[in-house]
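Here is the file coords_33.cif (mmCIF, C-alpha atoms).
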data_my_file
loop_
_atom_site.label_atom_id
_atom_site.label_comp_id
_atom_site.auth_asym_id
_atom_site.auth_seq_id
_atom_site.Cartn_x
_atom_site.Cartn_y
_atom_site.Cartn_z
CA MET V 1 -61.70 106.68 -14.36
CA MET V 2 -61.82 108.55 -17.65
CA SER V 3 -58.49 109.42 -19.25
CA LEU V 4 -57.09 112.56 -17.62
CA PRO V 5 -53.99 114.70 -18.23
CA VAL V 6 -51.07 113.50 -16.12
CA GLU V 7 -51.06 116.72 -14.07
CA ILE V 8 -54.69 116.26 -13.04
CA SER V 9 -54.18 112.55 -12.34
CA ALA V 10 -51.15 113.31 -10.17
CA MET V 11 -52.91 116.08 -8.26
CA LEU V 12 -55.90 113.83 -7.54
CA ALA V 13 -53.59 111.02 -6.41
CA LEU V 14 -51.82 113.37 -3.99
CA LEU V 15 -55.15 114.86 -2.87
CA ARG V 16 -56.55 111.43 -2.02
CA ALA V 17 -53.37 110.54 -0.12
CA GLY V 18 -53.53 113.75 1.92
CA LEU V 19 -57.28 113.54 2.47
CA TRP V 20 -57.21 110.00 3.86
CA GLU V 21 -53.59 109.77 5.10
CA GLN V 22 -52.81 106.81 2.89
CA PRO V 23 -50.04 105.85 0.43
CA VAL V 24 -50.23 107.08 -3.16
CA SER V 25 -51.27 104.02 -5.14
CA GLU V 26 -50.70 105.56 -8.60
CA THR V 27 -46.90 105.75 -8.26
CA GLY V 28 -46.51 105.01 -11.97
CA ILE V 29 -47.43 108.66 -12.64
CA PHE V 30 -44.18 109.81 -11.03
CA PRO V 31 -41.58 111.24 -11.45
CA LEU V 32 -42.92 114.45 -13.01
CA SER V 33 -41.30 117.28 -14.90
CA GLY V 34 -40.80 120.69 -13.32
CA LYS V 35 -43.45 122.08 -15.65
CA ALA V 36 -45.94 119.43 -14.54
CA TRP V 37 -45.27 120.18 -10.87
CA GLY V 38 -45.79 123.88 -11.54
CA GLU V 39 -49.17 123.13 -13.10
CA ILE V 40 -50.14 120.91 -10.14
CA PHE V 41 -49.28 123.72 -7.73
CA SER V 42 -51.35 126.21 -9.73
CA MET V 43 -54.33 123.84 -9.82
CA ALA V 44 -54.06 123.16 -6.08
CA VAL V 45 -54.05 126.91 -5.34
CA ARG V 46 -56.98 127.53 -7.68
CA GLN V 47 -58.98 124.74 -6.06
CA THR V 48 -57.87 125.80 -2.54
CA VAL V 49 -56.49 122.36 -1.67
CA THR V 50 -52.82 123.39 -1.45
CA GLY V 51 -52.37 122.10 2.09
CA ILE V 52 -54.09 118.77 1.50
CA VAL V 53 -52.09 118.09 -1.68
CA ALA V 54 -48.91 119.05 0.19
CA ARG V 55 -49.81 116.50 2.85
CA GLY V 56 -50.16 113.91 0.10
CA MET V 57 -46.56 114.59 -0.88
CA HIS V 58 -45.52 113.04 2.45
CA HIS V 59 -46.72 109.73 0.98
CA ILE V 60 -44.41 109.61 -2.06
CA PRO V 61 -40.66 108.89 -2.13
CA GLU V 62 -38.39 111.89 -1.69
CA ASP V 63 -36.98 111.37 -5.18
CA PHE V 64 -40.42 112.13 -6.62
CA LEU V 65 -40.80 115.54 -4.94
CA PRO V 66 -40.68 118.80 -6.94
CA GLU V 67 -37.51 120.87 -7.18
CA ARG V 68 -36.46 122.88 -4.10
CA ARG V 69 -37.63 126.31 -5.24
CA LEU V 70 -41.20 125.17 -5.86
CA LEU V 71 -41.17 123.01 -2.73
CA ALA V 72 -40.12 126.01 -0.62
CA LYS V 73 -42.88 128.10 -2.20
CA TRP V 74 -45.37 125.33 -1.48
CA MET V 75 -44.32 124.99 2.14
CA ALA V 76 -44.59 128.76 2.62
CA GLU V 77 -48.18 128.58 1.36
CA VAL V 78 -48.91 125.68 3.74
CA HIS V 79 -47.52 127.73 6.63
CA ARG V 80 -49.81 130.62 5.64
CA ILE V 81 -52.81 128.25 5.64
CA GLU V 82 -51.91 126.90 9.09
CA GLU V 83 -51.44 130.39 10.53
CA ARG V 84 -54.75 131.56 9.08
CA ASN V 85 -56.54 128.58 10.62
CA ILE V 86 -55.12 129.45 14.04
CA ARG V 87 -56.14 133.06 13.54
CA GLN V 88 -59.65 132.13 12.42
CA ASN V 89 -60.18 129.95 15.47
CA MET V 90 -59.21 132.91 17.68
CA VAL V 91 -61.56 135.29 15.83
CA LEU V 92 -64.38 132.72 15.90
CA SER V 93 -63.92 132.28 19.64
CA GLU V 94 -63.92 136.05 20.18
CA LEU V 95 -67.11 136.48 18.17
CA CYS V 96 -68.89 133.66 20.01
CA ARG V 97 -67.99 135.22 23.36
CA TYR V 98 -69.09 138.65 22.18
CA PHE V 99 -72.47 137.44 20.95
CA ALA V 100 -72.92 135.40 24.15
CA SER V 101 -72.43 138.62 26.15
CA GLY V 102 -75.56 139.88 24.42
CA GLY V 103 -77.49 136.68 25.04
CA LEU V 104 -77.12 135.43 21.45
CA THR V 105 -76.07 131.98 20.25
CA PRO V 106 -74.87 131.82 16.63
CA VAL V 107 -74.85 128.59 14.64
CA LEU V 108 -71.63 128.03 12.67
CA LYS V 109 -72.17 126.86 9.10
CA LYS V 110 -69.39 124.81 7.46
CA GLY V 111 -65.93 126.30 8.10
CA GLN V 112 -64.13 125.24 11.24
CA GLY V 113 -67.04 122.97 12.11
CA ILE V 114 -66.03 120.86 9.09
CA ALA V 115 -62.27 121.31 9.56
CA ILE V 116 -62.40 119.24 12.76
CA MET V 117 -63.41 116.23 10.63
CA TYR V 118 -60.05 116.26 8.82
CA GLU V 119 -57.02 114.21 9.86
CA LYS V 120 -55.01 117.46 9.76
CA PRO V 121 -57.53 120.29 10.30
CA ALA V 122 -54.93 123.05 10.00
CA LEU V 123 -54.19 122.05 6.39
CA ARG V 124 -57.74 122.74 5.23
CA GLU V 125 -57.82 126.23 3.74
CA CYS V 126 -60.39 128.25 5.63
CA GLY V 127 -62.66 130.83 4.04
CA ASP V 128 -65.22 133.12 5.65
CA ILE V 129 -66.88 132.67 9.02
CA ASP V 130 -70.53 131.88 8.27
CA PHE V 131 -73.11 132.29 11.01
CA PHE V 132 -76.84 131.68 11.19
CA PHE V 133 -79.12 133.06 13.91
CA ARG V 134 -82.22 131.08 14.71
CA SER V 135 -84.76 133.90 14.70
CA GLU V 136 -85.28 137.23 12.99
CA ASP V 137 -84.94 138.97 16.35
CA GLU V 138 -81.55 137.30 16.99
CA HIS V 139 -80.40 138.13 13.47
CA LYS V 140 -81.28 141.81 13.98
CA ALA V 141 -79.76 141.91 17.47
CA ALA V 142 -76.50 140.41 16.16
CA CYS V 143 -76.40 143.04 13.41
CA ASP V 144 -76.88 145.77 16.03
CA MET V 145 -74.04 144.35 18.14
CA VAL V 146 -71.71 144.31 15.14
CA SER V 147 -72.70 147.91 14.28
CA ARG V 148 -71.71 149.03 17.78
CA LYS V 149 -68.18 147.81 17.01
CA GLU V 150 -68.12 150.22 14.05
CA CYS V 151 -67.73 147.42 11.51
CA ARG V 152 -68.64 148.37 7.96
CA ILE V 153 -71.69 146.22 7.19
CA ARG V 154 -72.81 145.27 3.70
CA ARG V 155 -76.43 144.19 3.39
CA MET V 156 -77.29 141.59 0.76
CA SER V 157 -80.54 141.34 -1.20
CA ASP V 158 -81.52 138.13 0.63
CA GLY V 159 -81.24 139.74 4.08
CA SER V 160 -77.74 138.46 4.88
CA ILE V 161 -75.02 140.81 6.11
CA CYS V 162 -71.25 140.78 5.55
CA TYR V 163 -68.46 142.54 7.45
CA ARG V 164 -64.83 142.14 8.51
CA TRP V 165 -63.91 141.32 12.09
CA HIS V 166 -60.23 142.09 12.43
CA ASP V 167 -58.83 140.42 9.30
CA MET V 168 -61.60 137.86 8.75
CA ASP V 169 -64.68 138.08 6.53
CA VAL V 170 -67.86 137.20 8.41
CA GLU V 171 -71.35 136.64 7.04
CA HIS V 172 -74.66 136.30 8.87
CA HIS V 173 -76.86 134.17 6.63
CA SER V 174 -80.60 134.59 6.43
CA ARG V 175 -81.03 130.96 5.31
CA LEU V 176 -79.81 127.87 7.16
CA LEU V 177 -80.14 125.41 4.25
CA ASP V 178 -79.60 126.29 0.58
CA LEU V 179 -82.89 124.81 -0.57
CA TYR V 180 -85.34 127.16 -2.26
CA SER V 181 -88.47 125.19 -3.14
CA PRO V 182 -91.40 126.66 -1.20
CA PHE V 183 -92.93 123.17 -1.08
CA VAL V 184 -90.26 121.85 1.30
CA LYS V 185 -89.96 124.90 3.58
CA GLY V 186 -92.26 123.49 6.26
CA TYR V 187 -90.66 120.06 5.99
CA LEU V 188 -87.17 121.55 6.48
CA GLN V 189 -88.34 123.53 9.49
CA GLY V 190 -89.62 120.31 10.99
CA LEU V 191 -86.24 118.64 10.44
CA VAL V 192 -84.45 121.51 12.17
CA GLU V 193 -86.83 121.38 15.12
CA LYS V 194 -86.43 117.58 15.33
CA ASP V 195 -82.67 117.18 14.88
CA GLY V 196 -81.41 120.57 16.03
CA PHE V 197 -77.83 121.45 16.87
CA ILE V 198 -74.83 120.19 18.80
CA ASP V 199 -71.93 121.94 20.53
CA ILE V 200 -68.30 121.55 19.50
CA GLU V 201 -65.17 122.96 21.07
CA ILE V 202 -63.24 125.43 18.93
CA PRO V 203 -59.66 124.06 18.65
CA GLY V 204 -56.98 125.93 20.54
CA THR V 205 -59.37 128.17 22.49
CA SER V 206 -59.34 126.63 25.97
CA GLY V 207 -62.89 125.36 25.89
CA THR V 208 -64.86 127.92 23.87
CA THR V 209 -67.77 126.16 22.18
CA VAL V 210 -69.93 126.93 19.17
CA LYS V 211 -73.11 125.33 17.87
CA ILE V 212 -73.14 123.44 14.58
CA LEU V 213 -75.86 121.42 12.88
CA SER V 214 -76.61 117.85 13.96
CA PRO V 215 -75.08 115.13 11.72
CA MET V 216 -78.18 114.66 9.54
CA LEU V 217 -78.70 118.38 8.99
CA ASN V 218 -74.98 118.96 8.52
CA LEU V 219 -74.85 116.50 5.62
CA LEU V 220 -78.01 117.97 4.12
CA MET V 221 -76.55 121.48 4.41
CA LEU V 222 -73.31 120.46 2.69
CA ASP V 223 -75.10 118.53 -0.06
CA ALA V 224 -77.39 121.46 -0.81
CA HIS V 225 -74.59 124.02 -0.58
CA VAL V 226 -72.39 122.19 -3.08
CA MET V 227 -75.41 121.67 -5.34
CA LYS V 228 -76.31 125.37 -5.35
CA HIS V 229 -72.80 126.41 -6.35
CA ALA V 230 -72.29 123.54 -8.79
CA ILE V 231 -75.30 124.53 -10.89
CA GLY V 232 -74.41 128.20 -10.53
CA ARG V 233 -70.99 129.88 -10.56
CA GLY V 234 -69.13 126.65 -9.90
CA VAL V 235 -67.65 124.71 -7.02
CA GLY V 236 -64.12 123.56 -6.19
CA LEU V 237 -62.35 120.54 -4.81
CA ARG V 238 -62.08 121.96 -1.29
CA GLN V 239 -65.85 121.96 -0.96
CA LEU V 240 -65.91 118.36 -2.23
CA CYS V 241 -63.16 117.38 0.21
CA ASP V 242 -65.29 118.85 3.00
CA LEU V 243 -68.17 116.68 1.87
CA ALA V 244 -66.00 113.56 1.65
CA ARG V 245 -64.67 114.06 5.18
CA ALA V 246 -68.19 114.76 6.50
CA TYR V 247 -69.59 111.63 4.82
CA SER V 248 -66.78 109.58 6.32
CA CYS V 249 -67.14 110.99 9.84
CA LEU V 250 -70.93 111.28 10.06
CA HIS V 251 -72.10 108.27 8.03
CA ASP V 252 -72.42 105.98 11.06
CA ARG V 253 -74.27 108.67 13.03
CA VAL V 254 -77.08 108.99 10.49
CA ASP V 255 -79.94 106.53 9.98
CA MET V 256 -79.70 105.58 6.29
CA GLY V 257 -83.41 104.96 5.90
CA GLU V 258 -84.16 108.43 7.24
CA TRP V 259 -81.44 109.91 4.99
CA TYR V 260 -82.97 108.36 1.88
CA ALA V 261 -86.37 109.72 2.92
CA VAL V 262 -84.92 113.22 3.43
CA VAL V 263 -83.09 113.45 0.08
CA SER V 264 -86.11 112.02 -1.71
CA ARG V 265 -88.51 114.47 -0.07
CA THR V 266 -86.24 117.45 -0.83
CA GLY V 267 -85.63 116.40 -4.44
CA LEU V 268 -81.91 115.68 -3.89
CA ALA V 269 -81.94 111.90 -4.45
CA GLY V 270 -80.50 112.05 -7.98
CA TRP V 271 -78.01 114.72 -6.96
CA THR V 272 -76.82 112.63 -4.01
CA CYS V 273 -76.15 109.71 -6.36
CA VAL V 274 -73.94 111.98 -8.47
CA LEU V 275 -72.13 113.26 -5.40
CA ASP V 276 -71.50 109.78 -4.02
CA SER V 277 -70.17 108.58 -7.36
CA PHE V 278 -67.89 111.61 -7.65
CA LEU V 279 -66.51 111.21 -4.13
CA LEU V 280 -65.99 107.50 -4.64
CA LYS V 281 -64.39 107.79 -8.09
CA TYR V 282 -62.30 110.92 -7.81
CA LEU V 283 -61.67 111.51 -4.09
CA GLY V 284 -61.38 107.94 -2.84
CA LEU V 285 -64.30 107.95 -0.39
CA PRO V 286 -64.66 104.38 0.94
CA SER V 287 -67.71 102.70 -0.56
CA SER V 288 -68.93 101.84 2.95
CA LYS V 289 -69.31 105.58 3.64
CA CYS V 290 -71.38 106.47 0.57
CA MET V 291 -74.76 108.08 1.17
CA GLY V 292 -76.40 107.67 -2.27
CA ILE V 293 -79.09 105.27 -3.37
CA SER V 294 -77.45 104.10 -6.60
CA PRO V 295 -74.30 105.04 -8.58
CA ASP V 296 -74.29 107.61 -11.37
CA MET V 297 -70.82 107.51 -12.88
CA GLU V 298 -71.84 109.41 -16.02
CA GLY V 299 -73.13 112.22 -13.84
CA ALA V 300 -69.93 112.09 -11.79
CA ASP V 301 -67.80 112.60 -14.91
CA ARG V 302 -69.94 115.53 -16.02
CA PHE V 303 -69.71 117.01 -12.55
CA PHE V 304 -65.92 116.63 -12.59
CA GLU V 305 -65.80 118.80 -15.72
CA ILE V 306 -67.74 121.50 -13.87
CA VAL V 307 -65.36 121.30 -10.89
CA CYS V 308 -62.28 121.60 -13.11
CA ARG V 309 -63.78 124.50 -15.04
CA GLY V 310 -65.05 126.50 -12.11
CA GLY V 311 -62.36 126.19 -9.45
CA ASN V 312 -63.06 127.50 -5.99
CA PHE V 313 -66.72 128.66 -6.12
CA GLY V 314 -66.28 129.60 -9.77
CA HIS V 315 -63.70 132.30 -9.03
CA ASP V 316 -61.43 130.99 -11.77
CA MET V 317 -64.15 131.35 -14.37
CA TYR V 318 -65.87 134.40 -12.87
CA PRO V 319 -63.23 136.15 -10.71
CA VAL V 320 -64.49 138.45 -7.98
CA ARG V 321 -62.99 141.87 -8.75
CA LYS V 322 -63.20 145.10 -6.80
CA GLY V 323 -65.41 147.71 -8.42
CA VAL V 324 -67.56 145.17 -10.27
CA SER V 325 -71.25 145.99 -9.88
CA VAL V 326 -73.78 143.73 -8.21
CA LEU V 327 -75.59 143.56 -11.56
CA LYS V 328 -72.43 142.25 -13.26
CA ARG V 329 -71.98 139.59 -10.57
CA LYS V 330 -75.63 138.56 -10.89
CA THR V 331 -75.25 138.41 -14.67
CA ASP V 332 -72.16 136.19 -14.32
CA THR V 333 -74.14 133.87 -12.05
CA LEU V 334 -77.00 133.76 -14.52
CA HIS V 335 -74.61 132.93 -17.39
CA ALA V 336 -73.04 130.17 -15.32
CA PHE V 337 -76.46 128.78 -14.43
CA CYS V 338 -77.44 128.67 -18.10
CA ARG V 339 -74.16 126.97 -19.01
CA ASN V 340 -74.82 124.19 -16.49
CA VAL V 341 -78.55 123.91 -17.16
CA GLY V 342 -78.31 120.50 -18.89
CA PHE V 343 -76.52 119.00 -15.90
CA SER V 344 -78.76 120.64 -13.31
CA LEU V 345 -82.04 119.68 -14.96
CA ARG V 346 -80.82 116.08 -15.26
CA THR V 347 -79.70 115.72 -11.64
CA VAL V 348 -81.82 118.10 -9.57
CA PRO V 349 -84.61 119.52 -11.77
CA LYS V 350 -87.07 120.85 -9.18
CA GLU V 351 -84.56 122.63 -7.00
CA SER V 352 -82.77 124.03 -10.07
CA PHE V 353 -86.02 125.66 -11.13
CA TRP V 354 -86.55 127.30 -7.73
CA ILE V 355 -82.93 128.47 -7.48
CA PHE V 356 -83.34 130.08 -10.89
CA ILE V 357 -86.59 131.77 -9.81
CA ASN V 358 -84.91 132.99 -6.61
CA LEU V 359 -82.04 134.41 -8.67
CA LEU V 360 -84.43 136.30 -10.92
CA THR V 361 -86.68 137.61 -8.16
CA GLY V 362 -83.66 138.66 -6.11
CA GLN V 363 -82.41 140.68 -9.06
CA ILE V 364 -85.83 142.26 -9.61
CA LYS V 365 -86.07 143.27 -5.94
CA LYS V 366 -82.57 144.71 -6.12
CA ASN V 367 -83.40 146.94 -9.08
CA PHE V 368 -86.91 148.08 -8.21
#
Starting from the file, lay out its structure as structure tokens.
Amino acid sequence: MMSLPVEISAMLALLRAGLWEQPVSETGIFPLSGKAWGEIFSMAVRQTVTGIVARGMHHIPEDFLPERRLLAKWMAEVHRIEERNIRQNMVLSELCRYFASGGLTPVLKKGQGIAIMYEKPALRECGDIDFFFRSEDEHKAACDMVSRKECRIRRMSDGSICYRWHDMDVEHHSRLLDLYSPFVKGYLQGLVEKDGFIDIEIPGTSGTTVKILSPMLNLLMLDAHVMKHAIGRGVGLRQLCDLARAYSCLHDRVDMGEWYAVVSRTGLAGWTCVLDSFLLKYLGLPSSKCMGISPDMEGADRFFEIVCRGGNFGHDMYPVRKGVSVLKRKTDTLHAFCRNVGFSLRTVPKESFWIFINLLTGQIKKNF
């Protein structure tokens, strides 16, 4: 691993310990100064991995822990994360039951469908609830049902909608997979029809179920989602932790020959090599669970710089502020895309081009 500041090295060591429930092997880094611990806490919050890093602290001697004031602050944040996970499961269950009453079956993207793959699901910081409906008619009917509840709906340029249900942000996506090349659209539709969806039980809800993508499609969705944000506004460690846990849990449920064919056909083969190398090198993914064709450690190091710079979905570099126009947000995304263009064209050239075209055409449609 390239030489890193001690704070980053320590945070990664704790993150790996919490992610895989294993001892911290880099004990020579500790003990740390109060200032260093403060920086680690700030980085963990920015990358939305506070709970996982806190879990890693269970795997170091008590003498190495931060001072009491910071530790109390950290534990309060962990408690908030756990409570929000419980709350999100309840809201998710309520929404699924409500849509079912109208004959609709949403597909859950990422979120709590990935959290169940963690050793300690409640420590994964949850974000929005992201749904996909499998037809235009279902998408419209779901929007109508939400409108009847007097939710304030925001309509996005790509056809998605956003609203708040109680205290949770919910989005209905118009796209199942974040792949934009028109040349793979039919191929992707065939994959969805072939592999489809599976049901999972929402934790703590007495048997309420929700549909998620099958293992193959789930991995493809996560790969493409991280790729889209990495070459755009940025992506954080939580999204990479999600991918690491998914690789670990789903690897043995996916035919590797078919996986190689899928990433090759969709233009993600080089990108998957970078991802594998990153997860192996920085997050401790076991080599037996890697999904790439060959290692790309140089690409992994470059990607790590993007992760550190961008934070959680680039919010550190391009914070989402109230009152900021859609045009300003689009401009920020465009600037970020241009900044990462060398990396994106090296690792995923074709899809980068189509994402860029989609960004431009979306902006044109928005303004004319």
Evaluate the PyMOL selection byres ((chain V and resi 21-23) around 8) and report residues as number ranges by chain:
V: 16-20, 24-25, 56, 59-60, 119
Which of these residues is nearest to His229 in chain V, using all atoms listed in the file: V:Thr48, V:Asn340, V:Gln189, V:Thr361?
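Between V:Thr48, V:Asn340, V:Gln189, V:Thr361, the residue approaching His229 in chain V most closely is V:Asn340.
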Can you spell out as a PyMOL selection string the set of residues that the PyMOL selection byres ((chain V and resi 283) around 8) selects in the structure I just provided?
chain V and resi 12+15-16+241+244+278-282+284-285
Go ahead and save the residues from that selection, with C-alpha atoms, as a PDB file, in the frame of the given file.
ATOM      1  CA  LEU V  12     -55.900 113.830  -7.540  1.00  0.00           C
ATOM      2  CA  LEU V  15     -55.150 114.860  -2.870  1.00  0.00           C
ATOM      3  CA  ARG V  16     -56.550 111.430  -2.020  1.00  0.00           C
ATOM      4  CA  CYS V 241     -63.160 117.380   0.210  1.00  0.00           C
ATOM      5  CA  ALA V 244     -66.000 113.560   1.650  1.00  0.00           C
ATOM      6  CA  PHE V 278     -67.890 111.610  -7.650  1.00  0.00           C
ATOM      7  CA  LEU V 279     -66.510 111.210  -4.130  1.00  0.00           C
ATOM      8  CA  LEU V 280     -65.990 107.500  -4.640  1.00  0.00           C
ATOM      9  CA  LYS V 281     -64.390 107.790  -8.090  1.00  0.00           C
ATOM     10  CA  TYR V 282     -62.300 110.920  -7.810  1.00  0.00           C
ATOM     11  CA  GLY V 284     -61.380 107.940  -2.840  1.00  0.00           C
ATOM     12  CA  LEU V 285     -64.300 107.950  -0.390  1.00  0.00           C
TER      13      LEU V 285
END
One-decimal distance in Å that lies between CA of Leu222 in chain V and CA of Lys289 in chain V:
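Straight-line distance from CA of Lys289 in chain V to CA of Leu222 in chain V works out to 15.4 Å.
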So how many Å separate CA of Trp354 in chain V and CA of Glu305 in chain V, to one decimal?
23.8 Å
Check which residues satisfy the PyMOL selection byres ((chain V and resi 227) around 12) in the file shown, then give them as number ranges by chain.
V: 177-180, 220-226, 228-236, 239-240, 243, 267-272, 274-275, 303, 306-307, 313, 337, 340, 343-345, 347-349, 351-352, 355
Quick one: residues within 9 Å of Gly204 in chain V, only C-alpha atoms counted, chain neighbours fewer than 3 positions away excluded, as a CSV table (one decimal) with C-alpha atoms, keeping the file's coordinate frame?
chain,number,residue,atom,x,y,z
V,86,ILE,CA,-55.1,129.4,14.0
V,89,ASN,CA,-60.2,130.0,15.5
V,90,MET,CA,-59.2,132.9,17.7
V,201,GLU,CA,-65.2,123.0,21.1
V,207,GLY,CA,-62.9,125.4,25.9
V,208,THR,CA,-64.9,127.9,23.9
Name the closest residue to His173 in chain V among the candidates V:Glu136, V:Glu62, V:Glu150, V:Asp130; distances are taken between atoms, counting all atoms listed in the file.
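Selected residue with least distance to His173 in chain V: V:Asp130.
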Tell me, in Å to one decimal, how far CA of Met156 in chain V is from CA of Lys185 in chain V.
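According to the coordinates, CA of Met156 in chain V and CA of Lys185 in chain V are separated by 21.1 Å.
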Nearest-residue call for Arg164 in chain V, choices V:Asp128, V:Asp301, V:Glu77, V:Glu83, using only C-alpha atoms:
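Smallest separation from Arg164 in chain V among the options: V:Asp128.
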Show which residues sit within 12 Å of Asp137 in chain V, as a PyMOL selection string. Count only C-alpha atoms, and ignore same-chain residues fewer than 4 positions away.
chain V and resi 103-105+133+141-144+174
Measuring atom to atom with only C-alpha atoms, identify which of V:Leu250, V:Val170, V:Leu191, V:Cys273 is nearest to Arg152 in chain V.
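Answer, going by the shortest atom-to-atom distance: V:Val170.
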Rank V:Val184, V:Ile202, V:Cys162, V:Val49 by their smallest atom-to-atom distance to Cys126 in chain V, using all atoms listed in the file, and report the top residue only.
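The answer is V:Val49, which sits nearest to Cys126 in chain V.
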Hey, can you pull every residue with an atom no more than 10 Å from (-45.3, 125.5, -2.3), using only C-alpha atoms, and send it as a list in words?
Gly38, Phe41, Ser42, Ala44, Val45, Thr50, Gly51, Ala54, Pro66, Arg68, Arg69, Leu70, Leu71, Ala72, Lys73, Trp74, Met75, Ala76, Glu77, Val78 and His79 of chain V
Mind completing range 171-192 of chain V with N, CA and C atoms? Output as a compact mmCIF listing (two decimals), in the coordinates of the input, please?
# COMPACT_ATOMS: atom_id res chain seq x y z
N GLU V 171 -70.03 136.46 7.64
CA GLU V 171 -71.35 136.64 7.04
C GLU V 171 -72.41 136.05 7.97
N HIS V 172 -73.48 136.80 8.15
CA HIS V 172 -74.66 136.30 8.87
C HIS V 172 -75.69 135.93 7.82
N HIS V 173 -75.96 134.65 7.67
CA HIS V 173 -76.86 134.17 6.63
C HIS V 173 -78.31 134.25 7.08
N SER V 174 -79.16 134.56 6.14
CA SER V 174 -80.60 134.59 6.43
C SER V 174 -81.25 133.22 6.23
N ARG V 175 -80.49 132.29 5.63
CA ARG V 175 -81.03 130.96 5.31
C ARG V 175 -80.08 129.91 5.88
N LEU V 176 -80.63 128.93 6.58
CA LEU V 176 -79.81 127.87 7.16
C LEU V 176 -79.41 126.83 6.12
N LEU V 177 -80.37 126.43 5.27
CA LEU V 177 -80.14 125.41 4.25
C LEU V 177 -80.38 126.01 2.88
N ASP V 178 -79.49 125.73 1.93
CA ASP V 178 -79.60 126.29 0.58
C ASP V 178 -80.58 125.50 -0.28
N LEU V 179 -81.81 125.45 0.18
CA LEU V 179 -82.89 124.81 -0.57
C LEU V 179 -84.00 125.84 -0.72
N TYR V 180 -84.49 126.01 -1.96
CA TYR V 180 -85.34 127.16 -2.26
C TYR V 180 -86.78 126.81 -2.62
N SER V 181 -87.10 125.55 -2.79
CA SER V 181 -88.47 125.19 -3.14
C SER V 181 -89.41 125.55 -2.00
N PRO V 182 -90.46 126.31 -2.28
CA PRO V 182 -91.40 126.66 -1.20
C PRO V 182 -92.17 125.45 -0.69
N PHE V 183 -92.17 124.35 -1.46
CA PHE V 183 -92.93 123.17 -1.08
C PHE V 183 -92.22 122.32 -0.02
N VAL V 184 -90.96 122.61 0.26
CA VAL V 184 -90.26 121.85 1.30
C VAL V 184 -89.90 122.73 2.50
N LYS V 185 -90.33 123.98 2.49
CA LYS V 185 -89.96 124.90 3.58
C LYS V 185 -90.45 124.39 4.93
N GLY V 186 -91.72 124.00 5.00
CA GLY V 186 -92.26 123.49 6.26
C GLY V 186 -91.60 122.20 6.68
N TYR V 187 -91.32 121.34 5.70
CA TYR V 187 -90.66 120.06 5.99
C TYR V 187 -89.26 120.30 6.58
N LEU V 188 -88.52 121.24 6.00
CA LEU V 188 -87.17 121.55 6.48
C LEU V 188 -87.22 122.12 7.89
N GLN V 189 -88.20 122.98 8.15
CA GLN V 189 -88.34 123.53 9.49
C GLN V 189 -88.59 122.44 10.51
N GLY V 190 -89.37 121.45 10.10
CA GLY V 190 -89.62 120.31 10.99
C GLY V 190 -88.36 119.52 11.27
N LEU V 191 -87.51 119.34 10.25
CA LEU V 191 -86.24 118.64 10.44
C LEU V 191 -85.35 119.38 11.42
N VAL V 192 -85.29 120.71 11.27
CA VAL V 192 -84.45 121.51 12.17
C VAL V 192 -84.96 121.40 13.59
